[in-house]
file structure28.cif (mmCIF, C-alpha atoms and all ligand atoms)
data_run
#
loop_
_atom_site.label_atom_id
_atom_site.label_comp_id
_atom_site.auth_asym_id
_atom_site.auth_seq_id
_atom_site.Cartn_x
_atom_site.Cartn_y
_atom_site.Cartn_z
CA MET A 1 200.98 85.17 42.44
CA THR A 2 197.97 86.16 40.36
CA ALA A 3 196.53 83.40 38.17
CA ILE A 4 197.19 83.93 34.48
CA PHE A 5 194.45 84.32 31.87
CA PRO A 6 194.52 81.30 29.50
CA ASP A 7 196.57 81.46 26.35
CA THR A 8 193.58 80.06 24.44
CA ALA A 9 191.82 83.43 24.59
CA GLY A 10 192.26 84.11 20.88
CA PHE A 11 194.40 87.24 21.15
CA ALA A 12 197.16 85.96 18.86
CA GLY A 13 197.45 88.24 15.84
CA LYS A 14 194.93 90.75 17.19
CA ILE A 15 195.80 94.45 17.35
CA ALA A 16 195.10 96.34 20.57
CA PHE A 17 195.08 100.07 21.36
CA VAL A 18 195.69 100.78 25.06
CA THR A 19 195.58 104.22 26.71
CA GLY A 20 197.28 104.72 30.05
CA ALA A 21 199.62 101.96 28.88
CA ALA A 22 202.74 103.32 30.59
CA SER A 23 201.69 102.40 34.12
CA GLY A 24 199.43 100.46 36.44
CA ILE A 25 196.35 98.74 35.04
CA GLY A 26 196.94 99.82 31.43
CA ALA A 27 200.55 98.58 31.53
CA ALA A 28 199.57 95.27 33.14
CA THR A 29 196.90 94.72 30.49
CA ALA A 30 199.17 95.71 27.58
CA ARG A 31 201.90 93.40 28.87
CA ARG A 32 199.50 90.46 29.13
CA LEU A 33 198.00 91.12 25.69
CA GLY A 34 201.52 91.10 24.28
CA GLY A 35 202.28 87.87 26.09
CA LEU A 36 199.17 86.30 24.52
CA GLY A 37 200.32 87.21 21.00
CA ALA A 38 198.60 90.53 20.34
CA ARG A 39 200.38 93.49 18.78
CA VAL A 40 199.86 96.57 20.91
CA VAL A 41 199.69 100.32 20.43
CA LEU A 42 200.81 101.81 23.75
CA ALA A 43 199.35 105.31 24.24
CA ASP A 44 200.19 107.53 27.21
CA ARG A 45 201.44 111.00 28.07
CA ASP A 46 204.37 109.58 30.09
CA SER A 47 207.11 109.23 27.47
CA GLU A 48 209.64 107.60 29.83
CA GLY A 49 207.13 105.03 31.04
CA LEU A 50 206.13 104.35 27.43
CA ALA A 51 209.73 103.74 26.38
CA ALA A 52 210.23 101.31 29.28
CA MET A 53 207.06 99.42 28.39
CA ALA A 54 207.87 99.31 24.67
CA ALA A 55 211.26 97.79 25.49
CA GLU A 56 209.44 94.74 26.90
CA PHE A 57 208.01 93.90 23.44
CA GLU A 58 209.58 92.66 20.22
CA GLU A 59 210.02 95.78 18.07
CA GLU A 60 207.60 94.59 15.37
CA ASP A 61 204.83 93.95 17.90
CA VAL A 62 204.60 97.38 19.49
CA LEU A 63 204.00 101.03 18.63
CA ALA A 64 204.43 103.57 21.43
CA LEU A 65 202.64 106.91 21.07
CA ASP A 66 203.12 109.85 23.40
CA ILE A 67 199.63 111.35 23.50
CA ASP A 68 197.32 113.33 25.74
CA VAL A 69 193.84 111.78 25.63
CA THR A 70 192.19 115.13 26.38
CA SER A 71 192.76 116.26 22.77
CA ILE A 72 190.39 114.56 20.34
CA ALA A 73 192.57 115.59 17.39
CA VAL A 74 195.60 113.97 19.02
CA VAL A 75 193.65 110.79 19.80
CA GLU A 76 192.29 110.66 16.25
CA ARG A 77 195.82 110.91 14.83
CA ALA A 78 197.11 108.25 17.23
CA ILE A 79 194.42 105.76 16.25
CA ALA A 80 195.03 106.51 12.57
CA LYS A 81 198.75 105.87 13.15
CA GLY A 82 197.98 102.58 14.87
CA VAL A 83 195.71 101.53 12.00
CA GLY A 84 198.32 102.61 9.45
CA HIS A 85 201.11 100.77 11.26
CA PHE A 86 199.41 97.45 12.01
CA GLY A 87 196.51 97.46 9.50
CA GLY A 88 193.61 97.98 11.92
CA ILE A 89 192.45 97.81 15.52
CA ASP A 90 190.49 94.89 17.00
CA LEU A 91 190.70 95.58 20.73
CA ALA A 92 190.92 98.69 22.90
CA VAL A 93 191.43 99.43 26.57
CA ASN A 94 190.78 102.97 27.79
CA SER A 95 192.70 103.15 31.05
CA ALA A 96 194.26 106.65 31.06
CA GLY A 97 193.14 108.44 34.18
CA PHE A 98 194.26 110.30 37.24
CA ASP A 99 193.01 111.55 40.55
CA LEU A 100 193.73 114.43 42.92
CA ALA A 101 193.83 114.61 46.70
CA ARG A 102 190.45 114.76 48.42
CA CYS A 103 188.60 118.08 48.60
CA GLU A 104 184.98 118.75 49.48
CA THR A 105 182.62 119.83 46.70
CA GLY A 106 181.97 123.21 48.38
CA GLU A 107 185.68 124.02 48.13
CA TYR A 108 186.55 122.19 44.91
CA ALA A 109 188.55 124.27 42.40
CA ALA A 110 186.85 124.70 39.03
CA ASP A 111 190.21 124.07 37.29
CA ASP A 112 190.58 120.74 39.06
CA TRP A 113 187.04 119.80 38.00
CA GLU A 114 187.96 120.55 34.37
CA ARG A 115 191.23 118.58 34.57
CA ILE A 116 189.65 115.52 36.11
CA ILE A 117 186.64 115.45 33.76
CA SER A 118 188.76 116.10 30.67
CA VAL A 119 191.05 113.12 31.28
CA ASN A 120 188.78 110.61 33.01
CA LEU A 121 185.56 111.18 31.05
CA THR A 122 186.23 113.22 27.90
CA GLY A 123 189.41 111.21 27.33
CA VAL A 124 187.34 108.02 27.20
CA PHE A 125 184.87 109.62 24.77
CA ASN A 126 187.74 110.85 22.57
CA ALA A 127 189.14 107.33 22.40
CA LEU A 128 185.78 105.61 21.78
CA ARG A 129 184.91 108.17 19.10
CA HIS A 130 187.80 106.97 16.95
CA GLU A 131 188.26 103.37 18.11
CA ILE A 132 184.69 102.44 17.18
CA PRO A 133 184.82 103.48 13.50
CA ALA A 134 188.21 101.74 13.18
CA MET A 135 186.60 98.53 14.48
CA ILE A 136 183.43 98.84 12.38
CA VAL A 137 185.49 98.74 9.19
CA ARG A 138 187.11 95.50 10.50
CA GLY A 139 183.68 93.92 11.09
CA GLY A 140 183.71 94.33 14.87
CA GLY A 141 185.83 94.55 17.97
CA SER A 142 185.86 94.76 21.73
CA ILE A 143 186.54 97.71 24.03
CA VAL A 144 186.94 97.95 27.80
CA ASN A 145 186.72 101.27 29.65
CA VAL A 146 188.35 101.42 33.06
CA ALA A 147 185.79 102.96 35.43
CA SER A 148 185.91 102.53 39.23
CA VAL A 149 183.79 101.57 42.21
CA LEU A 150 183.45 105.36 42.43
CA GLY A 151 181.46 105.07 39.19
CA LEU A 152 178.77 103.24 41.13
CA ARG A 153 178.91 104.81 44.61
CA GLY A 154 179.50 108.25 46.03
CA PHE A 155 182.84 108.99 47.69
CA ALA A 156 183.36 111.95 50.00
CA GLY A 157 186.00 114.41 48.82
CA GLN A 158 186.09 113.15 45.22
CA PRO A 159 183.25 114.96 43.41
CA ALA A 160 184.93 115.27 40.01
CA TYR A 161 186.43 111.78 39.89
CA THR A 162 183.16 110.24 41.12
CA ALA A 163 181.18 112.16 38.50
CA ALA A 164 183.66 111.25 35.75
CA LYS A 165 183.57 107.54 36.59
CA HIS A 166 179.75 107.51 36.77
CA GLY A 167 179.92 109.15 33.34
CA VAL A 168 182.25 106.46 32.00
CA ILE A 169 179.76 103.76 32.98
CA GLY A 170 176.87 105.67 31.36
CA LEU A 171 178.94 106.24 28.23
CA THR A 172 179.82 102.54 28.15
CA LYS A 173 176.13 101.60 28.16
CA ALA A 174 175.07 104.20 25.58
CA SER A 175 177.90 103.39 23.18
CA ALA A 176 177.31 99.64 23.58
CA LEU A 177 173.69 100.15 22.48
CA ASP A 178 174.77 102.30 19.54
CA HIS A 179 177.23 99.72 18.25
CA ALA A 180 175.91 96.28 19.22
CA ALA A 181 174.65 95.81 15.66
CA HIS A 182 178.14 96.64 14.36
CA ARG A 183 179.53 93.77 16.46
CA VAL A 184 181.57 96.18 18.58
CA ARG A 185 181.23 95.14 22.24
CA ILE A 186 181.86 97.88 24.81
CA ASN A 187 182.14 97.10 28.51
CA ALA A 188 183.55 98.65 31.66
CA VAL A 189 185.42 97.34 34.65
CA ALA A 190 184.95 98.87 38.11
CA PRO A 191 188.11 98.26 40.15
CA GLY A 192 188.29 98.79 43.87
CA PHE A 193 191.47 100.50 45.16
CA ILE A 194 194.45 99.07 43.30
CA GLU A 195 198.12 99.29 44.28
CA THR A 196 199.41 101.48 41.43
CA PRO A 197 201.12 104.89 41.18
CA LEU A 198 197.61 106.42 41.12
CA LEU A 199 197.50 105.88 44.88
CA GLY A 200 200.90 107.56 45.25
CA HIS A 201 199.36 110.52 47.09
CA LEU A 202 198.29 108.20 49.95
CA ASN A 203 200.71 107.56 52.82
CA ASP A 204 200.93 104.06 54.35
CA GLU A 205 198.28 104.82 56.95
CA LYS A 206 195.82 106.06 54.32
CA LYS A 207 196.59 103.06 52.11
CA GLN A 208 195.82 100.75 55.01
CA ALA A 209 192.54 102.60 55.60
CA ALA A 210 191.74 102.25 51.88
CA ALA A 211 192.52 98.53 52.03
CA LEU A 212 190.05 98.10 54.87
CA LEU A 213 187.21 99.54 52.76
CA HIS A 214 187.23 96.19 50.95
CA PRO A 215 185.76 93.08 52.62
CA MET A 216 188.90 91.26 51.44
CA ALA A 217 190.84 93.77 53.59
CA ARG A 218 193.55 94.51 51.03
CA LEU A 219 194.25 96.57 47.95
CA GLY A 220 193.95 94.90 44.56
CA GLU A 221 196.81 94.33 42.12
CA ALA A 222 196.93 95.66 38.57
CA ASP A 223 197.16 92.10 37.22
CA GLU A 224 193.90 91.19 38.96
CA ILE A 225 192.15 93.93 37.00
CA ALA A 226 193.98 92.96 33.80
CA ASN A 227 192.48 89.46 34.15
CA VAL A 228 188.95 90.87 34.11
CA ILE A 229 189.75 93.22 31.23
CA LEU A 230 191.19 90.30 29.23
CA PHE A 231 188.02 88.29 29.83
CA LEU A 232 185.80 91.16 28.68
CA LEU A 233 188.00 91.75 25.62
CA SER A 234 188.01 88.08 24.68
CA ASP A 235 185.57 85.98 22.69
CA ALA A 236 184.78 84.24 26.00
CA ALA A 237 182.64 87.34 26.69
CA SER A 238 180.96 87.20 23.25
CA PHE A 239 177.45 87.88 24.66
CA VAL A 240 178.58 90.60 27.07
CA THR A 241 178.14 94.25 26.10
CA GLY A 242 177.15 97.40 27.96
CA ALA A 243 178.14 95.71 31.22
CA CYS A 244 180.20 96.97 34.12
CA PHE A 245 182.11 94.21 35.86
CA ASP A 246 183.07 94.83 39.53
CA ALA A 247 186.60 93.74 40.47
CA ASP A 248 186.76 95.16 43.94
CA GLY A 249 187.42 92.65 46.72
CA GLY A 250 183.73 92.91 47.67
CA TYR A 251 183.61 96.73 48.00
CA LEU A 252 180.29 97.07 46.15
CA ALA A 253 178.71 94.05 47.80
CA LYS A 254 178.36 95.93 51.09
P1 LIG B 1 198.44 104.85 36.94
O1 LIG B 1 198.71 106.22 37.41
O2 LIG B 1 199.36 103.76 37.29
O3 LIG B 1 198.26 104.83 35.34
C1 LIG B 1 197.50 105.80 34.68
C2 LIG B 1 198.21 106.14 33.38
O4 LIG B 1 197.38 107.09 32.67
C3 LIG B 1 199.58 106.81 33.59
O5 LIG B 1 200.56 106.13 32.83
C4 LIG B 1 199.37 108.22 33.10
O6 LIG B 1 200.53 108.79 32.51
C5 LIG B 1 198.25 108.04 32.08
N1 LIG B 1 197.53 109.28 31.83
C6 LIG B 1 197.00 110.11 32.76
N2 LIG B 1 196.48 111.18 32.14
C7 LIG B 1 196.68 111.02 30.82
C8 LIG B 1 196.37 111.78 29.67
N3 LIG B 1 195.75 112.98 29.76
N4 LIG B 1 196.70 111.31 28.44
C9 LIG B 1 197.35 110.13 28.33
N5 LIG B 1 197.69 109.36 29.38
C10 LIG B 1 197.35 109.80 30.60
O7 LIG B 1 196.97 104.51 37.47
P2 LIG B 1 196.08 103.20 37.35
O8 LIG B 1 195.71 102.84 38.71
O9 LIG B 1 196.66 102.22 36.44
O10 LIG B 1 194.79 103.83 36.67
C11 LIG B 1 194.28 103.33 35.45
C12 LIG B 1 192.80 103.57 35.42
O11 LIG B 1 192.19 102.85 36.49
C13 LIG B 1 192.42 105.04 35.63
O12 LIG B 1 191.36 105.35 34.75
C14 LIG B 1 191.97 105.06 37.07
O13 LIG B 1 191.04 106.09 37.29
C15 LIG B 1 191.34 103.69 37.20
N6 LIG B 1 191.19 103.20 38.55
C16 LIG B 1 192.29 103.09 39.37
C17 LIG B 1 192.13 102.66 40.66
C18 LIG B 1 193.26 102.56 41.63
O14 LIG B 1 192.99 102.47 42.84
N7 LIG B 1 194.51 102.53 41.19
C19 LIG B 1 190.80 102.30 41.17
C20 LIG B 1 189.75 102.36 40.22
C21 LIG B 1 189.96 102.83 38.95
#
call {"tool": "encode", "arguments": {"input": "structure28.cif", "output": "C-alpha cells"}}
result
Amino acid sequence: MTAIFPDTAGFAGKIAFVTGAASGIGAATARRLGGLGARVVLADRDSEGLAAMAAEFEEEDVLALDIDVTSIAVVERAIAKGVGHFGGIDLAVNSAGFDLARCETGEYAADDWERIISVNLTGVFNALRHEIPAMIVRGGGSIVNVASVLGLRGFAGQPAYTAAKHGVIGLTKASALDHAAHRVRINAVAPGFIETPLLGHLNDEKKQAAALLHPMARLGEADEIANVILFLLSDAASFVTGACFDADGGYLAK
C-alpha cells in the first residue's frame, strides 16, 4: 500500500486542471487531489475513461472535458471553460502522453514522429500556454509536467518519445524562468517505468525486463508518482521551480 500524501497540503478549495486525467498517473493524481479537497477539471481524449473518473467525484467538484491536447485552440477553450466553471485555476498537471512500440531511428516513420511530438511535447506547450495566464491573474499557481527518465537519458528504439521528454524538461526550465516573478512555479517529474495502460504494448516478459532496469527491480505504481506530483504542486515545495524530480526506483542513479 502506497503511503498517502498528508491532508495538510493545502489543496482544499484549490482548482486543478489535469490532462491525461482518464488513466494512469493523471487519474491517480486527479483522484488524490479530489480526496484532498480540490475541485478538478479532468481533461482527456478518452471519453469513457473520463466519465468513469468523473463518477468518483461529487458532481459540484468536477468538470470532465473531452479534449485532444494537440490542438491549442481546443486546449485554450478547455482552460477557459474550467476558469468559467470554477472561477480560476490554481494548479495544473500535464500528464497526457502516449508511446509507440520500439523502432530504430533509421527506420522511424515520419508520421509516428509527428504524432509522438505533437502529444508529448506540443501538448504540454499548448497546456502551459493557457494555464500560465490563467494563474497569473490569480496571483500565482503551480504546474507539474510529467516527463520521464527518457527525458534525461537516451533509450534505444524510442527516438521521438526520448526527444519529446527531453523537450518537456527543457520547456519546464524555460517556462519556470519566464514566470518565477509571477509566482507561477513550474516543475517536472521523471518517472521510471510505471504499471499503467501506457505499458500495455509490453508482454509479461518485456515488463519483467523493464522492471529489472530499475535498481529496485520492479515497476512503479501510478500512486507513487502522484505522491511526488502532489509534493511539487503543494506549498511544501514553495522554493522549488524549474526542477525535474526523479521518481524512478533508482533508474537514473546508475
Ligand atoms: P496512460 O496511458 O495510463 O494515461 C495517459 C492518458 O493520456 C490517457 O488517458 C490518454 O487517453 C491520454 N492522452 C493521450 N493522448 C492524448 C491527447 N492527444 N489528448 C488528450 N489526452 C491524451 O499512461 P500514463 O502512464 O499515466 O502516462 C502519463 C504520463 O506519464 C505520460 O506523459 C507518459 O509519457 C508519462 N510516463 C509514463 C511512464 C510509464 O511507464 N507509464 C513512464 C514515464 C513517463
call {"tool": "residues_around", "arguments": {"input": "structure28.cif", "residues": "A:Met216", "least_positions_apart": "3", "cutoff": "8 Å", "atoms": "all atoms listed in the file", "output": "PDB file with C-alpha atoms, in the coordinates of the input"}}
result
ATOM      1  CA  LEU A 212     190.050  98.100  54.870  1.00  0.00           C
ATOM      2  CA  GLY A 249     187.420  92.650  46.720  1.00  0.00           C
ATOM      3  CA  GLY A 250     183.730  92.910  47.670  1.00  0.00           C
TER       4      GLY A 250
END
call {"tool": "residues_near_ligand", "arguments": {"input": "structure28.cif", "ligand": "ligand LIG 1 (chain B)", "cutoff": "6 Å", "atoms": "all atoms listed in the file", "output": "MDAnalysis selection string"}}
result
chainID A and resid 20:26 44:46 67:70 95:98 119 146:148 191:199
call {"tool": "atom_distance", "arguments": {"input": "structure28.cif", "atom1": "atom CA of A:Leu213", "atom2": "atom CA of A:Leu150"}}
result
12.4 Å
call {"tool": "closest_atom_pairs", "arguments": {"input": "structure28.cif", "of": "stretch 122-183 of chain A", "to": "stretch 104-107 of chain A", "cutoff": "9 Å", "atoms": "all atoms listed in the file", "output": "CSV"}}
result
residue,atom,partner,partner_atom,distance
A:Ala156,CA,A:Glu104,CA,7.0
A:Gly157,CA,A:Glu104,CA,4.5
A:Gln158,CA,A:Glu104,CA,7.1
A:Pro159,CA,A:Thr105,CA,5.9
A:Ala160,CA,A:Thr105,CA,8.4
call {"tool": "closest_residue", "arguments": {"input": "structure28.cif", "among": "A:Asp61, A:Asp246, A:Glu205, A:Asp112", "to": "A:Ala12", "atoms": "all atoms listed in the file"}}
result
A:Asp61
call {"tool": "closest_residue", "arguments": {"input": "structure28.cif", "among": "A:Leu230, A:Met53, A:Ile169, A:Leu91", "to": "A:Val18", "atoms": "only C-alpha atoms"}}
result
A:Leu91
call {"tool": "residues_around", "arguments": {"input": "structure28.cif", "residues": "stretch 239-242 of chain A", "least_positions_apart": "4", "cutoff": "8 Å", "atoms": "only C-alpha atoms", "output": "NGL selection string"}}
result
:A and (172-177 or 180 or 185-188 or 232)
call {"tool": "write_last_selection", "arguments": {"input": "structure28.cif", "atoms": "C-alpha atoms", "output": "mmCIF file, keeping the file's coordinate frame"}}
result
data_model
loop_
_atom_site.group_PDB
_atom_site.id
_atom_site.type_symbol
_atom_site.label_atom_id
_atom_site.label_comp_id
_atom_site.auth_asym_id
_atom_site.auth_seq_id
_atom_site.Cartn_x
_atom_site.Cartn_y
_atom_site.Cartn_z
ATOM 1 C CA THR A 172 179.820 102.540 28.150
ATOM 2 C CA LYS A 173 176.130 101.600 28.160
ATOM 3 C CA ALA A 174 175.070 104.200 25.580
ATOM 4 C CA SER A 175 177.900 103.390 23.180
ATOM 5 C CA ALA A 176 177.310 99.640 23.580
ATOM 6 C CA LEU A 177 173.690 100.150 22.480
ATOM 7 C CA ALA A 180 175.910 96.280 19.220
ATOM 8 C CA ARG A 185 181.230 95.140 22.240
ATOM 9 C CA ILE A 186 181.860 97.880 24.810
ATOM 10 C CA ASN A 187 182.140 97.100 28.510
ATOM 11 C CA ALA A 188 183.550 98.650 31.660
ATOM 12 C CA LEU A 232 185.800 91.160 28.680
#
call {"tool": "axis_aligned_box", "arguments": {"input": "structure28.cif", "around": "stretch 42-47 of chain A", "padding_each_side": "8 Å", "output": "AutoDock Vina command-line options"}}
result
--center_x 203.2 --center_y 106.4 --center_z 26.9 --size_x 23.8 --size_y 25.2 --size_z 22.3
call {"tool": "closest_residue", "arguments": {"input": "structure28.cif", "among": "A:Ala38, A:Val189, A:Ala134, A:Leu152", "to": "A:Glu58", "atoms": "all atoms listed in the file"}}
result
A:Ala38
call {"tool": "atom_distance", "arguments": {"input": "structure28.cif", "atom1": "atom CA of A:Trp113", "atom2": "atom CA of A:Ala164"}}
result
9.5 Å
call {"tool": "closest_residue", "arguments": {"input": "structure28.cif", "among": "A:Ala222, A:Leu121, A:Ile72, A:Ala237", "to": "A:Ala30", "atoms": "all atoms listed in the file"}}
result
A:Ala222
call {"tool": "residues_around", "arguments": {"input": "structure28.cif", "residues": "A:Ile229", "least_positions_apart": "2", "cutoff": "8 Å", "atoms": "all atoms listed in the file", "output": "number ranges by chain"}}
result
A: 29, 93, 144, 189, 225-227, 231-233
call {"tool": "closest_residue", "arguments": {"input": "structure28.cif", "among": "A:Gly167, A:Gly34, A:Gly140, A:Pro133", "to": "A:Val83", "atoms": "all atoms listed in the file"}}
result
A:Pro133
call {"tool": "residues_around", "arguments": {"input": "structure28.cif", "residues": "A:Ile89", "least_positions_apart": "6", "cutoff": "12 Å", "atoms": "only C-alpha atoms", "output": "PDB file with C-alpha atoms, in the frame of the given file"}}
result
ATOM      1  CA  GLY A  13     197.450  88.240  15.840  1.00  0.00           C
ATOM      2  CA  LYS A  14     194.930  90.750  17.190  1.00  0.00           C
ATOM      3  CA  ILE A  15     195.800  94.450  17.350  1.00  0.00           C
ATOM      4  CA  ALA A  16     195.100  96.340  20.570  1.00  0.00           C
ATOM      5  CA  PHE A  17     195.080 100.070  21.360  1.00  0.00           C
ATOM      6  CA  VAL A  18     195.690 100.780  25.060  1.00  0.00           C
ATOM      7  CA  ALA A  38     198.600  90.530  20.340  1.00  0.00           C
ATOM      8  CA  ARG A  39     200.380  93.490  18.780  1.00  0.00           C
ATOM      9  CA  VAL A  40     199.860  96.570  20.910  1.00  0.00           C
ATOM     10  CA  VAL A  41     199.690 100.320  20.430  1.00  0.00           C
ATOM     11  CA  ALA A  78     197.110 108.250  17.230  1.00  0.00           C
ATOM     12  CA  ILE A  79     194.420 105.760  16.250  1.00  0.00           C
ATOM     13  CA  ALA A  80     195.030 106.510  12.570  1.00  0.00           C
ATOM     14  CA  LYS A  81     198.750 105.870  13.150  1.00  0.00           C
ATOM     15  CA  GLY A  82     197.980 102.580  14.870  1.00  0.00           C
ATOM     16  CA  VAL A  83     195.710 101.530  12.000  1.00  0.00           C
ATOM     17  CA  HIS A 130     187.800 106.970  16.950  1.00  0.00           C
ATOM     18  CA  GLU A 131     188.260 103.370  18.110  1.00  0.00           C
ATOM     19  CA  ILE A 132     184.690 102.440  17.180  1.00  0.00           C
ATOM     20  CA  PRO A 133     184.820 103.480  13.500  1.00  0.00           C
ATOM     21  CA  ALA A 134     188.210 101.740  13.180  1.00  0.00           C
ATOM     22  CA  MET A 135     186.600  98.530  14.480  1.00  0.00           C
ATOM     23  CA  ILE A 136     183.430  98.840  12.380  1.00  0.00           C
ATOM     24  CA  VAL A 137     185.490  98.740   9.190  1.00  0.00           C
ATOM     25  CA  ARG A 138     187.110  95.500  10.500  1.00  0.00           C
ATOM     26  CA  GLY A 139     183.680  93.920  11.090  1.00  0.00           C
ATOM     27  CA  GLY A 140     183.710  94.330  14.870  1.00  0.00           C
ATOM     28  CA  GLY A 141     185.830  94.550  17.970  1.00  0.00           C
ATOM     29  CA  SER A 142     185.860  94.760  21.730  1.00  0.00           C
ATOM     30  CA  ILE A 143     186.540  97.710  24.030  1.00  0.00           C
ATOM     31  CA  VAL A 184     181.570  96.180  18.580  1.00  0.00           C
TER      32      VAL A 184
END
call {"tool": "residues_around", "arguments": {"input": "structure28.cif", "residues": "A:Thr162", "least_positions_apart": "5", "cutoff": "7 Å", "atoms": "all atoms listed in the file", "output": "PDB file with C-alpha atoms, in the coordinates of the input"}}
result
ATOM      1  CA  LEU A 150     183.450 105.360  42.430  1.00  0.00           C
ATOM      2  CA  GLY A 151     181.460 105.070  39.190  1.00  0.00           C
ATOM      3  CA  GLY A 154     179.500 108.250  46.030  1.00  0.00           C
ATOM      4  CA  PHE A 155     182.840 108.990  47.690  1.00  0.00           C
TER       5      PHE A 155
END
call {"tool": "atom_distance", "arguments": {"input": "structure28.cif", "atom1": "atom CA of A:Gly123", "atom2": "atom CA of A:Ala43"}}
result
12.0 Å
call {"tool": "closest_residue", "arguments": {"input": "structure28.cif", "among": "A:Ala210, A:Val149, A:Glu221, A:Ala64", "to": "A:Thr19", "atoms": "all atoms listed in the file"}}
result
A:Ala64
